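Text of model04.txt (compact mmCIF, C-alpha atoms) as supplied:
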```txt
# COMPACT_ATOMS: atom_id res chain seq x y z
CA MET X 70 177.44 -177.15 122.01
CA ALA X 71 174.17 -178.96 122.65
CA SER X 72 173.43 -181.70 120.14
CA VAL X 73 169.98 -181.82 118.63
CA VAL X 74 167.81 -184.59 117.18
CA VAL X 75 166.67 -184.14 113.59
CA ALA X 76 164.05 -186.34 111.92
CA PHE X 77 163.54 -186.51 108.16
CA GLU X 78 162.65 -188.97 105.41
CA LEU X 79 165.52 -190.72 103.65
CA GLY X 80 164.69 -192.90 100.67
CA GLY X 81 161.09 -193.24 101.80
CA ARG X 82 161.97 -194.26 105.36
CA PRO X 83 161.94 -192.10 108.48
CA VAL X 84 165.36 -191.47 110.04
CA GLU X 85 166.44 -189.70 113.21
CA VAL X 86 169.94 -188.44 113.82
CA LEU X 87 171.72 -186.76 116.71
CA VAL X 88 173.81 -183.91 115.31
CA SER X 89 175.84 -180.93 116.45
CA PRO X 90 174.45 -177.50 115.47
CA LEU X 91 174.82 -176.59 111.80
CA ALA X 92 176.19 -180.04 110.84
CA THR X 93 175.74 -180.37 107.09
CA LEU X 94 173.43 -182.90 105.46
CA GLN X 95 176.48 -184.14 103.54
CA GLN X 96 178.40 -185.02 106.71
CA VAL X 97 175.39 -186.72 108.27
CA LEU X 98 174.42 -188.77 105.20
CA ARG X 99 177.95 -189.98 104.61
CA THR X 100 179.31 -190.53 108.12
CA GLN X 101 176.23 -191.26 110.24
CA LEU X 102 173.85 -192.87 107.76
CA GLY X 103 176.31 -194.71 105.51
CA HIS X 104 175.19 -193.13 102.24
CA THR X 105 178.69 -193.01 100.78
CA SER X 106 177.44 -192.05 97.31
CA VAL X 107 177.18 -188.55 98.80
CA LYS X 108 180.75 -187.39 98.24
CA ASP X 109 182.83 -185.01 100.32
CA GLY X 110 184.05 -182.80 97.50
CA CYS X 111 184.79 -179.09 97.55
CA ARG X 112 182.47 -178.19 100.47
CA GLN X 113 181.94 -174.92 98.60
CA GLY X 114 178.92 -175.76 96.48
CA GLY X 115 181.16 -175.68 93.44
CA CYS X 116 181.61 -179.32 92.38
CA GLY X 117 178.20 -181.01 92.67
CA SER X 118 179.57 -184.30 94.02
CA CYS X 119 177.44 -184.00 97.20
CA THR X 120 174.20 -183.44 95.24
CA VAL X 121 171.08 -185.04 96.72
CA LEU X 122 167.39 -184.58 95.93
CA LEU X 123 165.38 -182.61 98.50
CA ASP X 124 161.66 -183.10 97.88
CA GLY X 125 162.75 -184.16 94.39
CA GLU X 126 164.87 -181.06 93.64
CA PRO X 127 168.66 -181.17 93.31
CA VAL X 128 170.46 -179.41 96.18
CA LEU X 129 174.02 -179.35 97.47
CA SER X 130 174.11 -181.25 100.76
CA CYS X 131 177.43 -179.65 101.77
CA LEU X 132 175.71 -176.25 101.99
CA LEU X 133 172.60 -177.46 103.78
CA PRO X 134 172.37 -177.58 107.58
CA VAL X 135 170.75 -180.94 108.33
CA GLU X 136 168.38 -179.12 110.70
CA ASP X 137 166.89 -177.43 107.61
CA VAL X 138 165.69 -180.75 106.18
CA ALA X 139 163.67 -181.73 109.26
CA GLY X 140 160.37 -183.19 108.06
CA ARG X 141 161.46 -183.16 104.43
CA ARG X 142 162.20 -185.90 101.90
CA VAL X 143 165.85 -186.63 101.01
CA THR X 144 166.87 -189.00 98.21
CA THR X 145 170.39 -190.25 97.46
CA LEU X 146 171.64 -192.59 94.75
CA GLU X 147 171.47 -195.49 97.25
CA ASP X 148 167.74 -194.88 97.55
CA LEU X 149 167.17 -195.15 93.80
CA THR X 150 169.36 -198.14 93.01
CA PRO X 151 167.37 -201.39 92.81
CA VAL X 152 168.70 -204.26 94.94
CA ASP X 153 169.15 -206.50 91.90
CA GLY X 154 170.16 -204.16 89.11
CA LEU X 155 170.52 -200.64 87.85
CA THR X 156 168.23 -197.76 86.95
CA THR X 157 167.89 -196.68 83.33
CA VAL X 158 170.16 -193.72 84.06
CA GLN X 159 172.83 -195.87 85.73
CA ARG X 160 172.74 -198.37 82.84
CA ALA X 161 173.14 -195.53 80.35
CA PHE X 162 176.17 -194.08 82.20
CA LEU X 163 177.74 -197.57 82.31
CA ASP X 164 177.12 -198.28 78.62
CA ALA X 165 178.38 -194.86 77.48
CA ASN X 166 181.49 -194.92 79.71
CA GLY X 167 180.04 -191.85 81.39
CA PHE X 168 182.62 -191.98 84.18
CA GLN X 169 186.15 -193.02 84.95
CA CYS X 170 186.96 -192.48 88.63
CA GLY X 171 183.26 -192.25 89.49
CA TYR X 172 183.52 -189.52 92.11
CA CYS X 173 181.13 -187.17 90.28
CA THR X 174 178.78 -189.95 89.11
CA PRO X 175 176.20 -190.01 91.93
CA GLY X 176 175.66 -186.25 91.58
CA MET X 177 175.56 -186.47 87.78
CA GLU X 178 172.99 -189.28 87.90
CA LEU X 179 170.73 -187.58 90.43
CA VAL X 180 170.69 -184.37 88.37
CA THR X 181 170.01 -186.48 85.26
CA LYS X 182 167.06 -188.16 86.94
CA ALA X 183 165.65 -184.80 88.04
CA LEU X 184 166.19 -183.34 84.55
CA LEU X 185 164.47 -186.22 82.74
CA GLU X 186 161.50 -186.06 85.10
CA ARG X 187 160.97 -182.42 84.09
CA ASN X 188 162.16 -182.61 80.49
CA PRO X 189 162.00 -186.15 79.03
CA ALA X 190 163.58 -185.10 75.72
CA PRO X 191 166.31 -182.56 76.56
CA THR X 192 168.56 -181.00 73.94
CA ARG X 193 172.32 -181.16 74.36
CA ALA X 194 172.18 -177.54 75.52
CA ASP X 195 169.53 -178.41 78.12
CA ILE X 196 171.72 -181.27 79.37
CA ALA X 197 174.86 -179.12 79.53
CA GLU X 198 173.01 -176.40 81.43
CA ALA X 199 171.46 -178.86 83.90
CA LEU X 200 174.83 -180.50 84.58
CA SER X 201 176.79 -177.22 84.68
CA GLY X 202 177.06 -177.45 88.47
CA ASN X 203 178.58 -180.94 88.37
CA VAL X 204 182.30 -181.09 87.74
CA CYS X 205 183.99 -184.12 86.14
CA ARG X 206 187.79 -184.10 85.91
CA CYS X 207 188.09 -187.38 83.98
CA THR X 208 185.77 -187.66 81.02
CA GLY X 209 185.67 -184.28 79.32
CA TYR X 210 181.85 -184.52 79.61
CA VAL X 211 181.20 -185.85 76.08
CA PRO X 212 180.36 -189.41 77.23
CA ILE X 213 178.30 -188.00 80.12
CA ILE X 214 176.11 -186.00 77.76
CA ALA X 215 175.84 -189.07 75.52
CA ALA X 216 174.75 -191.10 78.55
CA VAL X 217 172.00 -188.61 79.40
CA GLU X 218 170.81 -188.65 75.77
CA ALA X 219 170.75 -192.45 75.84
CA ALA X 220 168.87 -192.46 79.15
CA ALA X 221 166.30 -190.06 77.68
CA ALA X 222 165.86 -192.27 74.62
CA ALA X 223 165.56 -195.41 76.78
CA GLY X 224 163.12 -193.61 79.06
CA SER X 225 160.87 -192.52 76.19
CA ALA X 226 161.01 -196.05 74.72
CA ALA X 227 160.01 -197.44 78.12
CA ALA X 228 157.18 -194.90 78.34
CA VAL X 229 155.88 -195.99 74.92
CA VAL X 230 155.97 -199.63 75.98
CA ALA X 231 154.19 -198.76 79.22
CA SER X 232 151.46 -196.76 77.47
CA GLU X 233 150.97 -199.49 74.85
CA GLY X 234 150.71 -201.97 77.69
CA ALA X 235 148.12 -199.78 79.35
CA THR X 236 145.95 -199.53 76.24
CA ARG X 237 145.90 -203.29 75.68
CA MET Q 197 182.71 -176.79 114.03
CA THR Q 198 182.46 -174.08 116.63
CA VAL Q 199 178.78 -173.27 116.22
CA SER Q 200 177.07 -173.50 119.59
CA THR Q 201 173.52 -172.76 118.48
CA TYR Q 202 171.63 -172.81 115.19
CA PHE Q 203 168.39 -170.87 115.51
CA GLN Q 204 165.51 -171.67 113.16
CA PRO Q 205 162.78 -169.11 113.88
CA ASP Q 206 159.29 -169.94 112.61
CA SER Q 207 158.21 -166.35 111.99
CA LEU Q 208 159.62 -162.93 111.17
CA PRO Q 209 158.80 -161.50 114.65
CA GLU Q 210 160.64 -164.42 116.23
CA ALA Q 211 163.63 -163.83 113.92
CA LEU Q 212 163.69 -160.12 114.82
CA ALA Q 213 163.55 -160.94 118.53
CA LEU Q 214 166.53 -163.29 118.20
CA LEU Q 215 168.41 -160.63 116.24
CA GLY Q 216 167.67 -158.09 118.97
CA GLU Q 217 168.75 -160.47 121.70
CA HIS Q 218 172.00 -161.74 120.14
CA GLY Q 219 172.87 -158.74 118.00
CA PRO Q 220 176.18 -158.76 116.17
CA ASP Q 221 177.08 -162.21 117.57
CA LEU Q 222 174.42 -163.74 115.33
CA LEU Q 223 175.25 -164.69 111.74
CA VAL Q 224 172.07 -164.58 109.66
CA ILE Q 225 171.98 -166.95 106.70
CA ALA Q 226 169.35 -167.35 103.99
CA GLY Q 227 170.08 -169.96 101.29
CA GLY Q 228 173.53 -170.60 102.71
CA THR Q 229 175.26 -170.64 99.34
CA VAL Q 230 177.61 -167.82 100.32
CA ALA Q 231 177.86 -168.28 104.11
CA MET Q 232 178.16 -172.08 104.32
CA PRO Q 233 181.30 -172.32 102.12
CA LEU Q 234 183.02 -169.81 104.42
CA ILE Q 235 181.94 -171.78 107.50
CA ASN Q 236 182.95 -175.13 105.93
CA GLU Q 237 186.36 -173.69 105.10
CA GLY Q 238 186.87 -172.25 108.60
CA ILE Q 239 187.10 -168.70 107.27
CA SER Q 240 183.93 -167.75 109.12
CA LEU Q 241 183.69 -169.10 112.68
CA PRO Q 242 180.34 -167.94 114.02
CA ALA Q 243 179.21 -169.08 117.48
CA LYS Q 244 175.55 -168.44 116.76
CA VAL Q 245 173.79 -168.79 113.42
CA MET Q 246 170.20 -168.04 112.46
CA GLY Q 247 168.63 -169.67 109.39
CA LEU Q 248 165.56 -168.10 107.79
CA ARG Q 249 164.11 -171.04 105.81
CA ARG Q 250 161.12 -171.33 108.17
CA VAL Q 251 160.15 -167.69 108.63
CA GLY Q 252 157.58 -167.84 105.82
CA LEU Q 253 159.09 -165.31 103.43
CA GLY Q 254 159.25 -167.55 100.38
CA GLY Q 255 156.10 -166.30 98.66
CA ILE Q 256 155.63 -163.95 95.71
CA GLU Q 257 152.47 -161.81 95.63
CA GLN Q 258 150.93 -159.03 93.57
CA ARG Q 259 150.61 -155.62 95.30
CA GLY Q 260 148.75 -153.38 92.90
CA ASP Q 261 151.10 -152.76 89.96
CA ARG Q 262 154.01 -154.20 91.91
CA LEU Q 263 155.28 -157.64 92.77
CA ALA Q 264 156.31 -158.27 96.39
CA ILE Q 265 158.89 -161.04 96.37
CA GLY Q 266 159.61 -162.67 99.73
CA ALA Q 267 163.29 -162.44 100.60
CA MET Q 268 163.49 -166.23 100.91
CA ALA Q 269 162.03 -166.93 97.45
CA THR Q 270 164.59 -169.11 95.68
CA LEU Q 271 166.37 -168.09 92.50
CA THR Q 272 164.62 -171.06 90.87
CA ALA Q 273 161.26 -169.50 91.77
CA LEU Q 274 162.32 -166.34 89.91
CA THR Q 275 163.29 -168.19 86.72
CA THR Q 276 159.64 -168.66 85.73
CA LEU Q 277 158.41 -165.22 86.77
CA GLN Q 278 156.50 -164.11 83.66
CA GLU Q 279 155.54 -160.70 85.05
CA VAL Q 280 159.17 -159.57 85.20
CA PRO Q 281 161.07 -161.29 82.37
CA LEU Q 282 164.30 -159.37 83.07
CA LEU Q 283 164.42 -160.85 86.57
CA ALA Q 284 163.63 -164.34 85.27
CA GLU Q 285 166.42 -164.07 82.71
CA ALA Q 286 168.94 -162.88 85.31
CA ALA Q 287 167.98 -165.75 87.64
CA ARG Q 288 168.37 -168.31 84.85
CA HIS Q 289 171.93 -167.06 84.27
CA THR Q 290 172.89 -167.27 87.94
CA ALA Q 291 174.98 -170.19 89.25
CA SER Q 292 173.88 -173.81 88.77
CA TRP Q 293 170.51 -175.54 89.12
CA ALA Q 294 171.23 -176.86 92.63
CA VAL Q 295 172.53 -173.47 93.79
CA ARG Q 296 169.44 -171.76 92.35
CA ASN Q 297 167.30 -174.23 94.31
CA MET Q 298 168.99 -173.01 97.51
CA GLY Q 299 170.04 -169.39 96.93
CA THR Q 300 167.47 -166.67 97.61
CA VAL Q 301 166.59 -163.29 96.16
CA GLY Q 302 167.24 -161.63 99.52
CA GLY Q 303 170.59 -163.35 99.84
CA ASN Q 304 171.56 -162.20 96.36
CA LEU Q 305 171.58 -158.59 97.64
CA PHE Q 306 174.38 -159.58 100.03
CA THR Q 307 176.41 -161.66 97.59
CA PRO Q 308 179.92 -160.24 97.27
CA PRO Q 309 181.11 -159.15 93.81
CA PRO Q 310 181.29 -160.60 91.22
CA GLY Q 311 178.00 -162.26 92.29
CA GLY Q 312 174.64 -160.60 92.42
CA ASP Q 313 173.34 -160.93 88.85
CA VAL Q 314 169.77 -160.91 90.17
CA ALA Q 315 170.58 -157.88 92.31
CA THR Q 316 171.87 -156.12 89.18
CA ALA Q 317 168.59 -156.84 87.38
CA LEU Q 318 166.62 -155.61 90.41
CA LEU Q 319 168.56 -152.34 90.30
CA ALA Q 320 167.64 -151.85 86.63
CA LEU Q 321 164.02 -152.55 87.56
CA ASP Q 322 164.07 -149.79 90.21
CA ALA Q 323 163.15 -152.28 92.93
CA GLN Q 324 162.63 -151.36 96.56
CA VAL Q 325 163.81 -153.24 99.62
CA GLU Q 326 161.36 -153.77 102.47
CA LEU Q 327 163.36 -153.75 105.69
CA VAL Q 328 161.66 -154.87 108.88
CA GLY Q 329 162.93 -154.08 112.36
CA PRO Q 330 161.65 -153.42 115.88
CA ALA Q 331 160.23 -150.06 114.71
CA GLY Q 332 158.28 -151.68 111.89
CA ALA Q 333 158.74 -151.87 108.14
CA ARG Q 334 160.29 -149.31 105.79
CA LEU Q 335 160.77 -149.27 102.02
CA LEU Q 336 164.14 -148.22 100.68
CA PRO Q 337 165.04 -147.80 97.01
CA LEU Q 338 167.55 -150.46 96.05
CA SER Q 339 169.73 -147.68 94.61
CA GLY Q 340 170.23 -146.46 98.19
CA PHE Q 341 170.61 -149.89 99.79
CA TRP Q 342 174.32 -150.51 99.17
CA THR Q 343 176.69 -148.14 100.91
CA GLY Q 344 180.03 -149.76 100.07
CA PHE Q 345 181.74 -153.11 99.68
CA MET Q 346 179.58 -155.53 101.69
CA THR Q 347 177.93 -152.70 103.63
CA THR Q 348 174.27 -151.74 103.38
CA ALA Q 349 171.79 -149.24 104.78
CA ALA Q 350 170.05 -152.03 106.73
CA GLY Q 351 170.28 -151.41 110.47
CA PRO Q 352 171.85 -154.06 112.72
CA ASP Q 353 168.39 -154.86 114.07
CA GLU Q 354 166.70 -155.07 110.64
CA LEU Q 355 166.11 -157.91 108.19
CA VAL Q 356 165.27 -157.79 104.49
CA ALA Q 357 161.71 -159.10 104.34
CA ARG Q 358 160.68 -158.48 100.73
CA ILE Q 359 161.84 -157.00 97.46
CA VAL Q 360 159.16 -154.91 95.74
CA VAL Q 361 159.42 -154.76 91.95
CA PRO Q 362 157.36 -152.54 89.65
CA VAL Q 363 155.59 -154.39 86.85
CA ALA Q 364 155.35 -152.11 83.82
CA PRO Q 365 155.40 -152.44 80.05
CA GLY Q 366 158.66 -151.65 78.33
CA ARG Q 367 161.79 -153.29 77.03
CA HIS Q 368 164.69 -154.95 78.74
CA ALA Q 369 168.07 -156.44 77.95
CA PHE Q 370 170.29 -158.70 80.03
CA VAL Q 371 173.87 -159.48 79.07
CA LYS Q 372 176.28 -161.47 81.21
CA LEU Q 373 179.87 -162.12 80.24
CA GLY Q 374 181.51 -165.02 82.04
CA ARG Q 375 184.42 -167.30 81.29
CA LYS Q 376 182.04 -170.07 80.28
CA ALA Q 377 178.43 -170.28 79.11
CA ALA Q 378 176.74 -171.39 82.34
CA ASN Q 379 177.33 -171.54 86.09
CA THR Q 380 180.01 -168.91 85.99
CA PRO Q 381 180.88 -165.79 87.96
CA ALA Q 382 180.49 -162.59 85.98
CA VAL Q 383 183.27 -160.72 84.30
CA VAL Q 384 180.56 -158.10 83.79
CA THR Q 385 176.77 -158.21 83.97
CA VAL Q 386 174.57 -155.55 82.35
CA ALA Q 387 170.84 -155.17 82.93
CA VAL Q 388 168.83 -152.50 81.10
CA ARG Q 389 165.20 -151.50 81.48
CA ALA Q 390 163.47 -148.79 79.47
CA ALA Q 391 160.09 -147.55 78.37
CA MET Q 392 159.88 -146.64 74.69
CA ASP Q 393 158.33 -143.54 73.15
CA GLY Q 394 158.30 -144.50 69.49
CA GLU Q 395 161.97 -144.85 68.64
CA ALA Q 396 163.09 -142.83 71.65
CA VAL Q 397 164.19 -144.36 74.92
CA ARG Q 398 162.46 -143.10 78.07
CA ASP Q 399 163.10 -143.73 81.77
CA VAL Q 400 166.14 -145.82 80.99
CA ARG Q 401 168.05 -147.56 83.75
CA ILE Q 402 171.40 -149.18 83.00
CA ALA Q 403 172.75 -151.33 85.83
CA LEU Q 404 176.23 -152.82 85.97
CA GLY Q 405 177.20 -155.91 87.98
CA ALA Q 406 180.74 -157.02 88.84
CA ALA Q 407 181.82 -153.50 87.90
CA GLY Q 408 182.16 -151.99 91.36
CA PRO Q 409 181.85 -152.72 95.09
CA HIS Q 410 178.15 -153.45 94.50
CA PRO Q 411 175.73 -153.29 91.54
CA LEU Q 412 175.62 -149.71 90.31
CA ARG Q 413 173.84 -147.63 87.70
CA SER Q 414 175.75 -145.73 85.04
CA ALA Q 415 174.43 -142.17 85.12
CA GLY Q 416 176.62 -141.29 82.14
CA ALA Q 417 175.28 -144.08 79.95
CA GLU Q 418 171.69 -143.34 80.97
CA ALA Q 419 172.13 -139.64 80.09
CA ALA Q 420 173.65 -140.61 76.73
CA VAL Q 421 170.58 -142.55 75.62
CA GLU Q 422 167.68 -140.90 77.47
CA GLY Q 423 165.17 -139.37 75.02
CA ARG Q 424 167.17 -140.51 72.00
CA ALA Q 425 166.80 -143.20 69.36
CA LEU Q 426 169.30 -146.03 69.74
CA THR Q 427 171.52 -145.27 66.76
CA PRO Q 428 175.00 -146.83 66.59
CA GLU Q 429 176.50 -143.43 67.52
CA VAL Q 430 174.27 -143.07 70.61
CA ILE Q 431 175.04 -146.65 71.67
CA ALA Q 432 178.77 -146.09 71.28
CA SER Q 433 178.63 -142.94 73.35
CA ALA Q 434 176.67 -144.71 76.11
CA ALA Q 435 179.12 -147.63 76.09
CA GLY Q 436 182.03 -145.22 76.54
CA ALA Q 437 180.27 -143.42 79.37
CA ALA Q 438 179.52 -146.72 81.15
CA ALA Q 439 183.16 -147.77 80.96
CA GLU Q 440 184.09 -144.45 82.61
CA ASP Q 441 181.44 -144.81 85.32
CA ALA Q 442 182.48 -148.34 86.24
CA GLN Q 443 184.61 -148.90 89.34
CA PRO Q 444 185.98 -152.31 88.39
CA PHE Q 445 188.22 -154.55 90.49
CA SER Q 446 190.64 -157.40 89.88
CA ASP Q 447 189.95 -160.92 91.08
CA GLN Q 448 190.48 -164.49 89.87
CA VAL Q 449 187.80 -163.96 87.21
CA ALA Q 450 189.10 -160.85 85.46
CA SER Q 451 191.41 -157.85 85.83
CA THR Q 452 190.37 -154.24 86.39
CA TRP Q 453 191.54 -153.33 82.89
CA TYR Q 454 189.59 -156.14 81.22
CA ARG Q 455 186.44 -155.49 83.21
CA ARG Q 456 186.42 -151.80 82.25
CA ARG Q 457 186.85 -152.70 78.57
CA MET Q 458 184.07 -155.29 78.81
CA VAL Q 459 181.68 -152.90 80.57
CA GLY Q 460 181.78 -150.81 77.39
CA VAL Q 461 181.40 -153.80 75.08
CA MET Q 462 178.54 -155.37 77.07
CA VAL Q 463 176.61 -152.12 77.51
CA GLY Q 464 176.90 -151.71 73.74
CA ARG Q 465 175.53 -155.21 73.18
CA ALA Q 466 172.73 -154.71 75.71
CA LEU Q 467 171.60 -151.47 74.06
CA ALA Q 468 171.75 -153.09 70.61
CA GLN Q 469 169.52 -155.84 72.00
CA LEU Q 470 167.19 -153.22 73.42
CA ALA Q 471 167.02 -151.48 70.02
CA SER Q 472 166.08 -154.67 68.20
CA ALA Q 473 163.87 -156.12 70.91
CA GLU Q 474 160.28 -156.88 70.13
CA GLN Q 475 159.20 -157.17 73.70
CA ARG Q 476 156.22 -156.74 75.91
CA GLY Q 477 156.90 -156.09 79.58
CA ALA Q 478 160.23 -156.02 81.34
```
Take the structure in the file and write it out as structure tokens.
Amino acid sequence: MASVVVAFELGGRPVEVLVSPLATLQQVLRTQLGHTSVKDGCRQGGCGSCTVLLDGEPVLSCLLPVEDVAGRRVTTLEDLTPVDGLTTVQRAFLDANGFQCGYCTPGMELVTKALLERNPAPTRADIAEALSGNVCRCTGYVPIIAAVEAAAAAGSAAAVVASEGATR
Amino acid sequence: MTVSTYFQPDSLPEALALLGEHGPDLLVIAGGTVAMPLINEGISLPAKVMGLRRVGLGGIEQRGDRLAIGAMATLTALTTLQEVPLLAEAARHTASWAVRNMGTVGGNLFTPPPGGDVATALLALDAQVELVGPAGARLLPLSGFWTGFMTTAAGPDELVARIVVPVAPGRHAFVKLGRKAANTPAVVTVAVRAAMDGEAVRDVRIALGAAGPHPLRSAGAEAAVEGRALTPEVIASAAGAAAEDAQPFSDQVASTWYRRRMVGVMVGRALAQLASAEQRGA
């Protein structure tokens, strides 16, 4: 079992890891790179708690051999969280009580970010479909959907402010 | 983890050479959404694995009046395929967003029941499978690709390179029954494709998913509607024939009895959709 070196971009910075063949991105992010927001959930691709963004697209890191991400861009919740605060999406989840135990939250928030980038004003059906691969056993989903709606509203308000700022 | 080597060939010839060299010892994976859970769980313990993400088969190109879809095209790539709306609709109803970003059209042909919604749509579209091996490429009708539960006509030294789909005007219907609205395994999936001759249905193909060891067409239902207008009586007769043709199974999603009943109901709904559809292209 010869280990191999894999290089990829994590949160905008180059990383290199020594891994055994077919090690999953989930294992490597959590145990070798300290990104503990990437949860070890079902390992079946069924729960969404290991979701990361690969070149900006949501993927399940438990199903992805880390060798497959060589040269590509990986983003976890750690990479998005500002040092001195929260993102709009994180603030919205906090304000709406969009979690209880928090295990599903990193995956939920990454999918939310990816959704709002593509669809800044999603309907409730759009939100439910986008999050259908992310399982929450605490909230019953209602506050999560409310959090995504609030994040969308806050995001469009911020966009208006930004465009008004630009025209001045 | 018992895997000793993970091969990542950069081209199809290189992948075929590795397959020839390591033969049955080599587990070939595409998107990994079916194989990786089995490996993670310790159910599958392969020593050698070959991943196909770098072989360059992710593209979709026009070939005359056909679309050649690379086997490694993701399900997400299919969701926006305007030339073949039936395929796009089936892809949108498959799994979750993240799984669609990983799972591939080629892999969907090998997904055990009750998966394979895209494969069911491809069967209704009369798609062909392009198999490539040491002797070159050959095109096989998808209807002859599956030979049993998890067995196919692909040789041990062949790989699925592309899926070739006719692009033709006509109507389609896609109906999937699951236990919830999204990201759900099928109780039954029905995909229908037909040309129309006024009110009469021509060249109809009715494909059933999760209703047998692999996606299958209902010859009885097709015979019941071919050349006829889709009246309630004709639809009811086709639905009954489809329920008889189905070879359903029991699993954690649904029982044999329920699946057979739902094959009839869903074929009925699909044909009603087809009758009322104002569509261009399928």
- Query: Do you know which residues are at most 7 Å from stretch 200-204 of chain Q counting all atoms listed in the file, after dropping those on the same chain fewer than 5 positions away, and could you put them as a PyMOL selection string?
  - Reply: (chain X and resi 70-71+90-91) or (chain Q and resi 243-248+250)
Could you make a table, as a Markdown table, of the residues of chain Q that have an atom within 7 Å of an atom of chain X, each with its nearest atom pair and distance in Å to one decimal, counting all atoms listed in the file, in chain and number order?
```
| residue | atom | partner | partner_atom | distance |
| --- | --- | --- | --- | --- |
| Q:Val199 | CA | X:Pro90 | CA | 6.1 |
| Q:Ser200 | CA | X:Met70 | CA | 4.4 |
| Q:Thr201 | CA | X:Pro90 | CA | 5.7 |
| Q:Tyr202 | CA | X:Pro90 | CA | 5.5 |
| Q:Gly228 | CA | X:Leu132 | CA | 6.1 |
| Q:Thr229 | CA | X:Leu132 | CA | 6.2 |
| Q:Met232 | CA | X:Leu132 | CA | 5.4 |
| Q:Pro233 | CA | X:Gln113 | CA | 4.4 |
| Q:Asn236 | CA | X:Arg112 | CA | 6.3 |
| Q:Ser292 | CA | X:Gly202 | CA | 4.8 |
| Q:Trp293 | CA | X:Ala199 | CA | 6.3 |
| Q:Ala294 | CA | X:Val128 | CA | 4.4 |
| Q:Val295 | CA | X:Val128 | CA | 6.7 |
| Q:Asn297 | CA | X:Val128 | CA | 6.3 |
| Q:Met298 | CA | X:Val128 | CA | 6.7 |
| Q:Ala378 | CA | X:Ser201 | CA | 6.3 |
| Q:Asn379 | CA | X:Ser201 | CA | 5.9 |
```
- What gap, in Å, lies between atom CA of Q:Ala364 and atom CA of Q:His410?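 Separation of atom CA of Q:Ala364 and atom CA of Q:His410: 25.2 Å.
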- Task: Dig up all the protein and nucleic acid residues within 12 Å of (183.9, -157.6, 76.1) in the file frame, using all atoms listed in the file, and format them as an NGL selection string.
- Result: :Q and (371-375 or 382-386 or 435 or 439 or 450 or 453-466)
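Atom CA of Q:Leu412 sits 9.0 Å away from atom CA of Q:Trp342.
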- Got a sec to check which residues sit within 8 Å of (167.6, -160.8, 93.0), counting all atoms listed in the file, and write them as a ChimeraX atom specification? /Q:271,283,287,300-305,312-318
Go ahead and fit an axis-aligned box to every listed atom of stretch 214-228 of chain X plus 8 Å each side, and pass me the centre and edge lengths in Å, one decimal, as JSON.
```
{"center_x": 166.6, "center_y": -191.7, "center_z": 77.0, "size_x": 34.9, "size_y": 27.4, "size_z": 20.8}
```
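Minimum atom-to-atom distance to X:Gly209, evaluated using all atoms listed in the file, belongs to X:Gln169 out of X:Ala161, X:Leu94, X:Gln169, X:Leu79.
Across the structure, atom CA of Q:Gly254 and atom CA of Q:Pro242 are spaced 25.1 Å apart.
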- Extract, using only C-alpha atoms, all DNA, RNA and protein residues at most 10 Å from X:Leu146, discarding same-chain residues fewer than 6 positions from it, and format them as number ranges by chain. X: 80, 104-107, 120-122, 156, 159, 174-176, 178-179
- Message: Calculated over only C-alpha atoms, which of the candidates Q:Pro444, Q:Pro362, Q:Gly219, Q:Gly405 has the smallest distance to Q:Arg262?
- Response: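 Looking only at the distances to Q:Arg262, the closest residue turns out to be Q:Pro362.
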